[in-house]
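Structure data (mmCIF, C-alpha atoms) from start_14.cif:
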data_data
loop_
_atom_site.label_atom_id
_atom_site.label_comp_id
_atom_site.auth_asym_id
_atom_site.auth_seq_id
_atom_site.Cartn_x
_atom_site.Cartn_y
_atom_site.Cartn_z
CA MET A 1 11.70 -2.11 -26.91
CA ASP A 2 12.29 -0.02 -23.81
CA PRO A 3 13.26 -2.48 -21.00
CA GLN A 4 10.48 -1.32 -18.65
CA ALA A 5 7.82 -1.67 -21.34
CA LEU A 6 9.19 -5.11 -22.25
CA ILE A 7 8.87 -6.28 -18.63
CA ALA A 8 5.34 -4.87 -18.31
CA LYS A 9 4.24 -6.39 -21.61
CA ARG A 10 5.50 -9.84 -20.63
CA ILE A 11 3.72 -9.67 -17.27
CA ALA A 12 0.48 -8.63 -18.97
CA ARG A 13 0.44 -12.12 -20.52
CA GLU A 14 -0.25 -13.51 -17.04
CA LEU A 15 -3.57 -11.65 -16.78
CA GLN A 16 -6.72 -13.75 -17.04
CA ASN A 17 -10.34 -12.77 -17.41
CA GLY A 18 -12.03 -11.65 -14.19
CA MET A 19 -8.85 -11.44 -12.08
CA LEU A 20 -8.53 -8.96 -9.22
CA VAL A 21 -5.07 -7.44 -9.64
CA ASN A 22 -2.99 -4.95 -7.63
CA LEU A 23 -0.16 -3.09 -9.38
CA GLY A 24 2.63 -1.41 -7.41
CA ILE A 25 4.34 1.86 -8.24
CA GLY A 26 6.91 2.04 -11.09
CA ILE A 27 7.21 -0.69 -13.74
CA PRO A 28 4.17 -2.59 -12.35
CA THR A 29 1.90 0.38 -13.11
CA LEU A 30 2.81 0.03 -16.81
CA VAL A 31 1.23 -3.44 -16.94
CA ALA A 32 -2.18 -1.73 -17.19
CA ASN A 33 -1.12 -0.35 -20.60
CA PHE A 34 -0.73 -3.85 -22.07
CA VAL A 35 -3.87 -5.75 -21.01
CA PRO A 36 -4.47 -8.26 -23.83
CA SER A 37 -7.53 -7.60 -25.96
CA GLY A 38 -10.55 -9.61 -24.87
CA ILE A 39 -9.28 -9.85 -21.28
CA ASN A 40 -11.07 -7.90 -18.57
CA VAL A 41 -9.41 -7.57 -15.18
CA TYR A 42 -10.26 -5.54 -12.10
CA PHE A 43 -7.41 -3.36 -10.89
CA GLN A 44 -7.37 -2.60 -7.18
CA SER A 45 -5.76 0.48 -5.64
CA GLU A 46 -5.10 -0.31 -1.99
CA ASN A 47 -6.25 3.14 -0.90
CA GLY A 48 -9.77 1.80 -1.44
CA LEU A 49 -10.78 1.26 -5.06
CA ILE A 50 -11.59 -1.65 -7.37
CA GLY A 51 -12.04 -0.68 -11.00
CA THR A 52 -9.16 1.78 -11.25
CA GLY A 53 -9.17 3.39 -14.69
CA PRO A 54 -6.69 5.49 -16.64
CA ILE A 55 -5.39 8.94 -15.68
CA PRO A 56 -8.19 11.47 -16.27
CA GLU A 57 -8.19 13.91 -19.14
CA GLN A 58 -6.91 17.36 -18.28
CA GLY A 59 -9.39 19.21 -16.08
CA MET A 60 -11.35 16.06 -15.21
CA ALA A 61 -9.44 15.03 -12.06
CA VAL A 62 -11.30 15.08 -8.74
CA PRO A 63 -9.31 15.46 -5.51
CA TRP A 64 -10.97 12.46 -3.82
CA LEU A 65 -10.27 9.88 -6.52
CA THR A 66 -6.62 8.84 -6.56
CA ASP A 67 -4.45 5.74 -6.82
CA ALA A 68 -2.15 4.36 -4.12
CA GLY A 69 0.57 6.76 -5.26
CA GLY A 70 -1.77 9.72 -4.66
CA ARG A 71 -2.17 10.46 -8.37
CA PRO A 72 -5.58 11.31 -9.84
CA VAL A 73 -7.23 8.35 -11.58
CA THR A 74 -10.65 7.49 -12.97
CA ALA A 75 -13.08 4.81 -11.82
CA LEU A 76 -14.40 2.54 -14.56
CA PRO A 77 -18.11 1.65 -14.80
CA GLY A 78 -18.69 -1.08 -12.21
CA ALA A 79 -16.03 0.28 -9.86
CA SER A 80 -16.40 0.09 -6.08
CA THR A 81 -14.83 2.02 -3.22
CA PHE A 82 -14.30 1.01 0.39
CA ASP A 83 -12.27 1.79 3.50
CA SER A 84 -8.70 0.67 4.19
CA ALA A 85 -9.73 -2.25 6.44
CA MET A 86 -11.82 -3.72 3.59
CA SER A 87 -9.01 -3.03 1.13
CA PHE A 88 -6.51 -5.04 3.17
CA ALA A 89 -9.09 -7.71 3.98
CA LEU A 90 -9.25 -8.26 0.21
CA ILE A 91 -5.44 -8.41 0.06
CA ARG A 92 -4.76 -10.52 3.15
CA GLY A 93 -7.91 -12.61 2.95
CA GLY A 94 -7.00 -14.45 -0.24
CA HIS A 95 -9.32 -12.46 -2.54
CA LEU A 96 -6.55 -10.84 -4.58
CA ASP A 97 -5.58 -13.03 -7.54
CA LEU A 98 -2.36 -11.28 -8.46
CA THR A 99 -0.03 -8.59 -7.20
CA VAL A 100 2.80 -7.13 -9.29
CA LEU A 101 5.49 -5.31 -7.31
CA GLY A 102 8.90 -3.78 -7.83
CA GLY A 103 11.94 -5.37 -6.20
CA LEU A 104 15.34 -4.43 -4.79
CA GLN A 105 16.52 -8.05 -4.40
CA VAL A 106 15.04 -11.51 -4.95
CA ASP A 107 17.02 -14.49 -3.65
CA GLN A 108 17.34 -17.96 -5.15
CA ALA A 109 14.52 -19.30 -2.98
CA GLY A 110 12.21 -16.54 -4.25
CA LEU A 111 12.27 -14.34 -1.15
CA LEU A 112 11.78 -10.65 -1.90
CA ALA A 113 13.30 -7.52 -0.35
CA ASN A 114 11.69 -4.34 -1.67
CA TRP A 115 10.98 -1.87 1.09
CA MET A 116 14.16 -0.41 2.56
CA ILE A 117 17.91 0.10 2.25
CA PRO A 118 19.10 0.55 5.86
CA GLY A 119 20.65 3.96 6.44
CA LYS A 120 19.83 5.15 2.92
CA MET A 121 16.23 4.73 1.89
CA VAL A 122 13.54 4.12 4.47
CA PRO A 123 10.22 4.88 2.78
CA GLY A 124 8.25 2.41 4.89
CA MET A 125 6.64 -0.81 3.73
CA GLY A 126 3.22 0.67 3.01
CA GLY A 127 1.09 -2.23 1.75
CA ALA A 128 3.95 -4.35 0.36
CA MET A 129 4.22 -6.81 3.25
CA ASP A 130 0.48 -7.51 3.22
CA LEU A 131 0.43 -7.84 -0.58
CA VAL A 132 3.27 -10.37 -0.73
CA THR A 133 1.95 -12.31 2.26
CA GLY A 134 -1.68 -12.38 1.15
CA ALA A 135 -2.01 -12.36 -2.65
CA LYS A 136 -2.69 -15.66 -4.41
CA ARG A 137 0.11 -14.97 -6.90
CA VAL A 138 3.08 -12.58 -6.61
CA ILE A 139 5.08 -11.34 -9.61
CA VAL A 140 8.14 -9.11 -9.29
CA ALA A 141 8.82 -6.63 -12.09
CA MET A 142 12.36 -5.28 -11.98
CA GLN A 143 15.53 -4.64 -13.96
CA HIS A 144 17.93 -7.59 -13.79
CA THR A 145 20.79 -5.51 -12.39
CA ALA A 146 21.30 -2.19 -10.61
CA LYS A 147 24.57 -0.28 -11.08
CA GLY A 148 26.09 -3.42 -12.58
CA LYS A 149 25.15 -5.60 -9.60
CA SER A 150 22.72 -8.50 -9.88
CA LYS A 151 19.37 -8.00 -8.14
CA ILE A 152 18.81 -11.76 -8.21
CA VAL A 153 21.03 -12.85 -5.37
CA GLU A 154 21.95 -15.98 -3.40
CA THR A 155 20.54 -14.57 -0.18
CA CYS A 156 18.88 -11.19 0.33
CA THR A 157 21.12 -8.81 2.24
CA LEU A 158 18.32 -6.23 2.52
CA PRO A 159 15.40 -6.63 4.96
CA LEU A 160 12.80 -9.10 3.67
CA THR A 161 9.27 -8.08 2.71
CA SER A 162 7.80 -11.48 3.57
CA VAL A 163 8.85 -15.09 4.12
CA ARG A 164 6.36 -16.08 1.42
CA PRO A 165 8.34 -16.70 -1.80
CA VAL A 166 7.30 -14.90 -4.98
CA ASP A 167 5.98 -16.91 -7.92
CA LEU A 168 7.66 -15.19 -10.86
CA VAL A 169 10.34 -12.59 -11.55
CA VAL A 170 10.30 -10.80 -14.89
CA THR A 171 13.31 -8.71 -15.95
CA GLU A 172 14.40 -7.24 -19.29
CA LEU A 173 16.61 -10.34 -19.74
CA ALA A 174 14.63 -13.28 -18.41
CA VAL A 175 11.65 -14.83 -16.67
CA ILE A 176 12.51 -16.77 -13.51
CA ALA A 177 10.20 -19.09 -11.59
CA PHE A 178 10.73 -20.97 -8.32
CA PRO A 179 9.51 -24.57 -8.66
CA GLU A 180 10.36 -26.50 -5.48
CA GLY A 181 12.01 -23.40 -4.05
CA CYS A 182 14.79 -23.20 -6.68
CA ALA A 183 15.28 -20.22 -9.01
CA THR A 184 14.77 -21.61 -12.51
CA LEU A 185 15.25 -19.89 -15.84
CA VAL A 186 11.97 -20.35 -17.72
CA GLU A 187 12.27 -17.80 -20.56
CA ILE A 188 14.91 -15.52 -22.07
CA ALA A 189 14.35 -12.25 -23.92
CA ASP A 190 14.90 -11.93 -27.67
CA GLY A 191 18.55 -11.37 -28.52
CA VAL A 192 19.75 -12.55 -25.09
CA SER A 193 21.75 -15.74 -24.52
CA VAL A 194 21.56 -18.07 -21.52
CA GLU A 195 25.21 -17.20 -20.81
CA GLN A 196 24.36 -13.48 -20.68
CA VAL A 197 21.60 -14.18 -18.15
CA LEU A 198 23.87 -16.37 -16.03
CA SER A 199 26.65 -13.78 -15.97
CA ALA A 200 24.16 -11.10 -14.88
CA THR A 201 22.76 -13.34 -12.11
CA GLU A 202 24.38 -13.92 -8.73
CA ALA A 203 21.87 -16.56 -7.64
CA LYS A 204 22.26 -20.20 -8.57
CA LEU A 205 19.91 -20.67 -11.53
CA VAL A 206 18.52 -23.99 -12.66
CA VAL A 207 18.71 -24.00 -16.49
CA PRO A 208 16.56 -26.54 -18.33
CA ASP A 209 17.85 -28.09 -21.59
CA HIS A 210 15.57 -25.87 -23.62
CA VAL A 211 14.77 -22.31 -22.56
CA PRO A 212 12.08 -20.71 -24.73
CA ARG A 213 12.01 -17.06 -25.79
CA MET A 214 9.79 -14.59 -23.91
CA THR A 215 6.42 -14.24 -25.53
CA MET A 216 4.43 -11.06 -25.19
CA SER A 217 0.79 -10.29 -24.57
CA ALA A 218 -1.14 -9.92 -27.81
CA MET B 1 -5.39 9.77 14.70
CA ILE B 2 -5.78 11.63 11.43
CA GLY B 3 -7.59 10.37 8.34
CA GLY B 4 -6.20 10.47 4.84
CA PHE B 5 -4.05 8.65 2.31
CA LEU B 6 -1.25 10.86 0.97
CA GLY B 7 -3.37 13.83 1.97
CA VAL B 8 -6.52 12.60 0.20
CA GLY B 9 -9.29 12.59 2.82
CA THR B 10 -7.29 14.55 5.40
CA PRO B 11 -9.21 17.30 7.24
CA GLU B 12 -6.99 20.20 6.14
CA PRO B 13 -8.82 22.94 8.15
CA LEU B 14 -8.25 20.93 11.36
CA ILE B 15 -4.54 20.55 10.53
CA ASP B 16 -4.31 24.31 9.87
CA GLU B 17 -5.96 25.02 13.22
CA LEU B 18 -3.49 22.76 15.09
CA ILE B 19 -0.68 24.77 13.50
CA ARG B 20 -2.33 28.12 14.32
CA GLN B 21 -2.67 27.08 17.98
CA ARG B 22 0.88 25.61 18.00
CA LYS B 23 -0.30 22.31 19.51
CA GLY B 24 3.08 20.60 19.86
CA ASN B 25 4.64 17.32 21.03
CA LEU B 26 1.91 15.32 19.30
CA THR B 27 1.88 11.63 18.48
CA VAL B 28 0.10 11.04 15.18
CA ILE B 29 -1.32 7.70 14.04
CA ALA B 30 -2.15 7.77 10.32
CA ASN B 31 -1.48 5.94 7.09
CA ASP B 32 1.42 8.21 6.04
CA THR B 33 2.91 11.68 6.50
CA ALA B 34 1.75 12.90 3.05
CA ALA B 35 4.11 15.37 1.36
CA PRO B 36 5.52 18.77 2.36
CA GLY B 37 2.75 21.38 2.34
CA ILE B 38 -0.03 18.78 2.32
CA GLY B 39 -2.04 17.38 5.24
CA ILE B 40 0.09 15.79 7.95
CA GLY B 41 3.15 17.01 6.01
CA LYS B 42 2.32 20.51 7.32
CA LEU B 43 2.52 19.26 10.94
CA VAL B 44 5.92 17.68 10.21
CA GLU B 45 7.22 20.92 8.68
CA ALA B 46 5.91 22.92 11.67
CA LYS B 47 7.87 20.52 13.95
CA LEU B 48 4.77 19.84 16.05
CA LEU B 49 5.21 16.06 16.05
CA HIS B 50 7.07 13.97 18.58
CA LYS B 51 6.18 10.57 17.11
CA VAL B 52 4.34 9.12 14.13
CA ILE B 53 2.90 5.61 13.76
CA VAL B 54 2.48 5.20 9.98
CA SER B 55 2.99 2.75 7.12
CA HIS B 56 4.77 5.04 4.69
CA ILE B 57 6.93 8.19 4.73
CA GLY B 58 8.47 7.82 1.26
CA LEU B 59 6.91 10.93 -0.27
CA ASN B 60 7.91 13.22 2.57
CA PRO B 61 11.68 13.93 2.66
CA GLU B 62 11.15 16.20 5.69
CA THR B 63 9.87 13.24 7.77
CA GLN B 64 12.92 11.20 6.74
CA GLN B 65 15.29 14.05 7.64
CA GLN B 66 13.73 14.56 11.07
CA MET B 67 13.82 10.80 11.65
CA LEU B 68 17.52 10.55 10.73
CA ALA B 69 18.26 13.65 12.87
CA GLY B 70 16.56 11.89 15.81
CA THR B 71 13.99 14.65 16.41
CA LEU B 72 11.01 12.63 15.19
CA GLU B 73 10.29 9.07 16.27
CA VAL B 74 8.90 7.01 13.39
CA ASP B 75 7.19 3.67 14.01
CA LEU B 76 6.65 1.97 10.63
CA VAL B 77 3.78 -0.54 10.55
CA PRO B 78 2.54 -2.57 7.56
CA GLN B 79 -0.55 -0.82 6.22
CA GLY B 80 -2.93 -3.76 6.64
CA THR B 81 -1.66 -4.32 10.18
CA LEU B 82 -1.98 -0.62 11.03
CA VAL B 83 -5.58 -0.39 9.90
CA GLU B 84 -6.54 -3.63 11.70
CA ARG B 85 -4.88 -2.43 14.94
CA ILE B 86 -6.99 0.73 14.69
CA ARG B 87 -10.11 -1.28 13.88
CA ALA B 88 -9.41 -3.49 16.90
CA GLY B 89 -9.02 -0.39 19.07
CA GLY B 90 -12.42 0.85 17.97
CA CYS B 91 -14.13 -2.51 18.36
CA GLY B 92 -13.14 -3.37 21.92
CA LEU B 93 -10.59 -5.98 20.86
CA GLY B 94 -7.18 -6.32 22.50
CA GLY B 95 -5.41 -6.90 19.21
CA ILE B 96 -5.27 -9.09 16.13
CA LEU B 97 -3.30 -12.04 14.75
CA THR B 98 -1.78 -11.46 11.31
CA PRO B 99 0.65 -13.44 9.14
CA THR B 100 2.01 -10.16 7.75
CA GLY B 101 5.50 -9.42 9.08
CA VAL B 102 6.34 -12.97 10.25
CA GLY B 103 10.04 -13.63 9.59
CA THR B 104 10.81 -9.94 8.92
CA VAL B 105 12.08 -7.09 11.11
CA VAL B 106 8.42 -6.34 11.92
CA GLU B 107 8.23 -9.38 14.22
CA GLU B 108 10.97 -8.09 16.57
CA GLY B 109 9.69 -7.89 20.15
CA LYS B 110 6.30 -9.38 19.29
CA GLU B 111 4.66 -12.60 20.43
CA LYS B 112 4.29 -15.27 17.71
CA ILE B 113 1.31 -17.58 17.87
CA SER B 114 0.91 -20.82 15.92
CA LEU B 115 -2.61 -21.75 14.85
CA ASN B 116 -3.51 -24.54 12.41
CA ASP B 117 0.11 -24.85 11.23
CA ARG B 118 0.47 -21.16 10.40
CA GLU B 119 2.40 -18.53 12.31
CA TYR B 120 0.88 -15.18 13.22
CA LEU B 121 2.09 -12.04 14.97
CA LEU B 122 0.12 -10.72 17.91
CA GLU B 123 -0.42 -7.06 17.05
CA THR B 124 -1.97 -4.93 19.77
CA ALA B 125 -4.91 -2.54 19.37
CA LEU B 126 -4.38 1.18 18.86
CA ARG B 127 -6.49 3.99 20.32
CA ALA B 128 -6.06 7.77 20.45
CA ASP B 129 -7.27 10.76 22.48
CA PHE B 130 -8.58 12.44 19.32
CA ALA B 131 -9.63 11.38 15.84
CA LEU B 132 -9.52 14.10 13.18
CA VAL B 133 -11.89 12.85 10.51
CA ASN B 134 -12.68 14.16 7.04
CA ALA B 135 -16.11 13.35 5.61
CA PHE B 136 -17.70 14.31 2.31
CA LEU B 137 -21.20 14.65 3.73
CA SER B 138 -22.47 15.16 7.24
CA ASP B 139 -26.06 15.80 8.23
CA TYR B 140 -26.93 18.13 11.14
CA LEU B 141 -26.77 15.20 13.54
CA GLY B 142 -23.32 14.04 12.43
CA ASN B 143 -24.22 11.04 10.28
CA LEU B 144 -21.29 10.74 7.88
CA ALA B 145 -20.71 9.58 4.32
CA TYR B 146 -17.41 9.61 2.50
CA ALA B 147 -16.30 10.17 -1.10
CA LEU B 148 -14.46 7.56 -3.21
CA THR B 149 -10.84 7.09 -2.10
CA ALA B 150 -11.09 9.88 0.50
CA ARG B 151 -12.75 7.31 2.77
CA ASN B 152 -9.58 5.25 3.54
CA PHE B 153 -8.81 5.38 7.32
CA ASN B 154 -11.55 7.89 8.25
CA PRO B 155 -14.40 5.56 9.32
CA LEU B 156 -11.90 3.36 11.21
CA ILE B 157 -10.30 6.16 13.25
CA ALA B 158 -13.76 7.59 14.05
CA MET B 159 -14.32 4.44 16.13
CA ALA B 160 -10.95 4.38 17.88
CA ALA B 161 -10.63 7.73 19.69
CA ASP B 162 -12.06 9.28 22.87
CA THR B 163 -13.04 12.51 21.09
CA VAL B 164 -14.07 12.53 17.44
CA ILE B 165 -13.75 15.83 15.55
CA VAL B 166 -15.10 15.85 12.00
CA HIS B 167 -14.53 18.29 9.19
CA ALA B 168 -17.22 17.78 6.55
CA GLU B 169 -16.94 19.12 3.02
CA ASN B 170 -20.72 19.49 2.87
CA ILE B 171 -23.39 19.77 5.57
CA VAL B 172 -26.85 18.57 4.58
CA PRO B 173 -30.25 18.36 6.32
CA VAL B 174 -31.13 15.24 8.27
CA GLY B 175 -32.56 12.65 5.88
CA VAL B 176 -30.47 13.61 2.85
CA ILE B 177 -28.04 10.78 3.62
CA ALA B 178 -30.20 7.66 3.40
CA PRO B 179 -29.83 5.26 6.34
CA ASP B 180 -28.28 2.66 4.03
CA HIS B 181 -25.63 5.19 2.97
CA VAL B 182 -24.53 6.37 6.41
CA VAL B 183 -21.05 4.95 7.03
CA THR B 184 -20.34 6.51 10.43
CA PRO B 185 -23.45 6.85 12.62
CA ALA B 186 -24.08 10.21 14.33
CA PRO B 187 -23.64 9.10 17.97
CA ILE B 188 -19.95 8.37 17.23
CA VAL B 189 -19.26 12.02 16.34
CA ASP B 190 -18.50 14.58 19.08
CA PHE B 191 -17.76 17.76 17.11
CA LEU B 192 -18.54 18.86 13.60
CA VAL B 193 -16.51 21.62 11.93
CA VAL B 194 -17.45 23.42 8.76
CA LYS B 195 -14.92 25.61 7.01
CA ASN B 196 -15.95 29.29 7.24
#
For this file, write the structure as structure tokens.
Amino acid sequence: MDPQALIAKRIARELQNGMLVNLGIGIPTLVANFVPSGINVYFQSENGLIGTGPIPEQGMAVPWLTDAGGRPVTALPGASTFDSAMSFALIRGGHLDLTVLGGLQVDQAGLLANWMIPGKMVPGMGGAMDLVTGAKRVIVAMQHTAKGKSKIVETCTLPLTSVRPVDLVVTELAVIAFPEGCATLVEIADGVSVEQVLSATEAKLVVPDHVPRMTMSA
Amino acid sequence: MIGGFLGVGTPEPLIDELIRQRKGNLTVIANDTAAPGIGIGKLVEAKLLHKVIVSHIGLNPETQQQMLAGTLEVDLVPQGTLVERIRAGGCGLGGILTPTGVGTVVEEGKEKISLNDREYLLETALRADFALVNAFLSDYLGNLAYALTARNFNPLIAMAADTVIVHAENIVPVGVIAPDHVVTPAPIVDFLVVKN
């Protein structure tokens, strides 16, 4: 399976009925393609929409209905729209059950850096700092390495997004959780060995005696 | 202050008029600088901006170039903090306390306040001389309603500026927008502009 689809499909397993969920740009957006059957979740777009639906059929887009990346979307039956203050009240106020974001680095305590590379890429933090600080659960969807370098590091060298640690990191190689503030290998992908994960990881990883295989959403 | 989220809900005719009149050296407070050729992106390209206070410039390479060249000052603010600072400015509040940004570069130079074992940043209110608002519907009096995700910052900035200029996509007779559906009440609006 394509690594990005694999990551998205694994994260989709975390969705539960009735959840309010915010998906970031990139791999996180793909999670919407793998919602398990029988599970209904509300997707929020932080530009002011709950009930975000798929991309409209050709010719059906309206200019005032877009997602947080500015792309045309649809609104599902039962959707609601609101201003940006309400949108971030939902995010910061503890009403958002889950946010899935991309990452540049996650350190071994679970701290995330995902909004700038000083001197190179300064897009601005947008809603990322509020999402990581305020959501009930934070999952990072990212490739394990970039240009051969581990993205799961001892200490983030890039500017942090929040001092609130993330709950789960899902890569094409592994699932990592942070019980008691320590990066712990909780699942490995099919065809991947624990040794392969360790050699691709800069952070100190706690490895339990038995590490199960990643299971996917149905 | 200018409404819109990546150009969606930005009053394009008001932007075009600023460019026609060459109103320069402006400070813009908005969610983002859109993209080249769209909304606030047009003001960036026309080099009419001195400073922007925004949450995101990632889709506008021109903003990043002008920032790196030192010709455009860019103050990046977390989106939820930005909108609450504007809301505070429109509500007569001096500022807000938010946990967002604590322990990051965002906290530099700001007062930290501990309440009930949690740390917050003191973020000050924002106000502007003008709000350029885009509404979907306005009645003859200036009661406003918005469309879907084009609402975003518009009702917030309408409260936080000395002069409120609205471009409405559609003008309707008084009474068409039911009282329950008015989002921005008419007395807030100073000028109403209709294209053509």
Once the PyMOL selection byres ((chain B) within 8 of (chain A)) has been evaluated on this model, what residues remain selected, and can you format them as a PyMOL selection string?
chain B and resi 5-9+55-59+64+76-81+83-84+87+99-105+147-156
Find the residues near stretch 17-21 of chain B: any atom within 12 Å, counting all atoms listed in the file, skip ones fewer than 4 places away on the same chain, and give them as a PyMOL selection string.
chain B and resi 2+11-13+25-26+39-49+132+167+193+195
The PyMOL selection byres ((chain B and resi 120) around 8) - which residues does that actually catch in the file I just gave you? List them as a list of chain:residue names.
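Applying the expression gives B:Leu97, B:Thr98, B:Pro99, B:Thr100, B:Val102, B:Lys112, B:Ile113, B:Ser114, B:Leu115, B:Arg118, B:Glu119, B:Leu121, B:Leu122.
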Listed atoms of stretch 32-45 of chain A boxed along x, y and z, 5 Å each side, centre and edge lengths in Å, one decimal, as lines of an AutoDock Vina configuration file:
center_x = -5.9
center_y = -4.7
center_z = -15.8
size_x = 20.3
size_y = 20.3
size_z = 30.3
So how many Å separate atom CA of A:Gly181 and atom CA of A:Gly110, to one decimal?
6.9 Å
With the file shown as input, list the residues that the PyMOL selection byres ((chain A and resi 185-195) around 6) selects, as a VMD selection string.
chain A and resid 173 to 176 184 196 to 198 207 211 to 214
Return the single residue from B:Ala178, B:Arg22, B:Val164, B:Ile171 that is closest to B:Asp190, with distances computed using only C-alpha atoms.
B:Val164
What's the 10 Å shell around A:Cys182, counting only C-alpha atoms, without same-chain residues fewer than 6 positions away, as a short mmCIF file (atom, residue, chain, number, x, y, z; two decimals) with C-alpha atoms, keeping the file's coordinate frame?
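Ended up saving to out_38.cif:
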data_model
loop_
_atom_site.label_atom_id
_atom_site.label_comp_id
_atom_site.auth_asym_id
_atom_site.auth_seq_id
_atom_site.Cartn_x
_atom_site.Cartn_y
_atom_site.Cartn_z
CA ASP A 107 17.02 -14.49 -3.65
CA GLN A 108 17.34 -17.96 -5.15
CA ALA A 109 14.52 -19.30 -2.98
CA GLY A 110 12.21 -16.54 -4.25
CA ILE A 176 12.51 -16.77 -13.51
CA ALA A 203 21.87 -16.56 -7.64
CA LYS A 204 22.26 -20.20 -8.57
CA LEU A 205 19.91 -20.67 -11.53
CA VAL A 206 18.52 -23.99 -12.66
#
Take the point (14.9, -9.8, -5.6) in the file's coordinates, draw a sphere of radius 6 Å around it, and report as a PyMOL selection string every protein, DNA or RNA residue with an atom inside or on it, counting all atoms listed in the file.
chain A and resi 103-107+112-113+151-152
Quick one: residues within 6 Å of A:Leu23, all atoms listed in the file counted, chain neighbours fewer than 2 positions away excluded, as a ChimeraX atom specification?
/A:28-29,99-100
List every protein, DNA or RNA residue that has at least one atom no more than 6 Å from (-5.0, -14.4, -5.7) in the file's coordinates, counting only C-alpha atoms, and write the result as a PyMOL selection string.
chain A and resi 94-98+135-137
Interatomic distance between atom CA of A:Thr52 and atom CA of B:Asn60?
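Atom-to-atom, atom CA of A:Thr52 to atom CA of B:Asn60, that is 24.8 Å.
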For the atom pair atom CA of A:Glu202 and atom CA of A:Lys149, what is the interatomic distance in Å to one decimal place?
8.4 Å
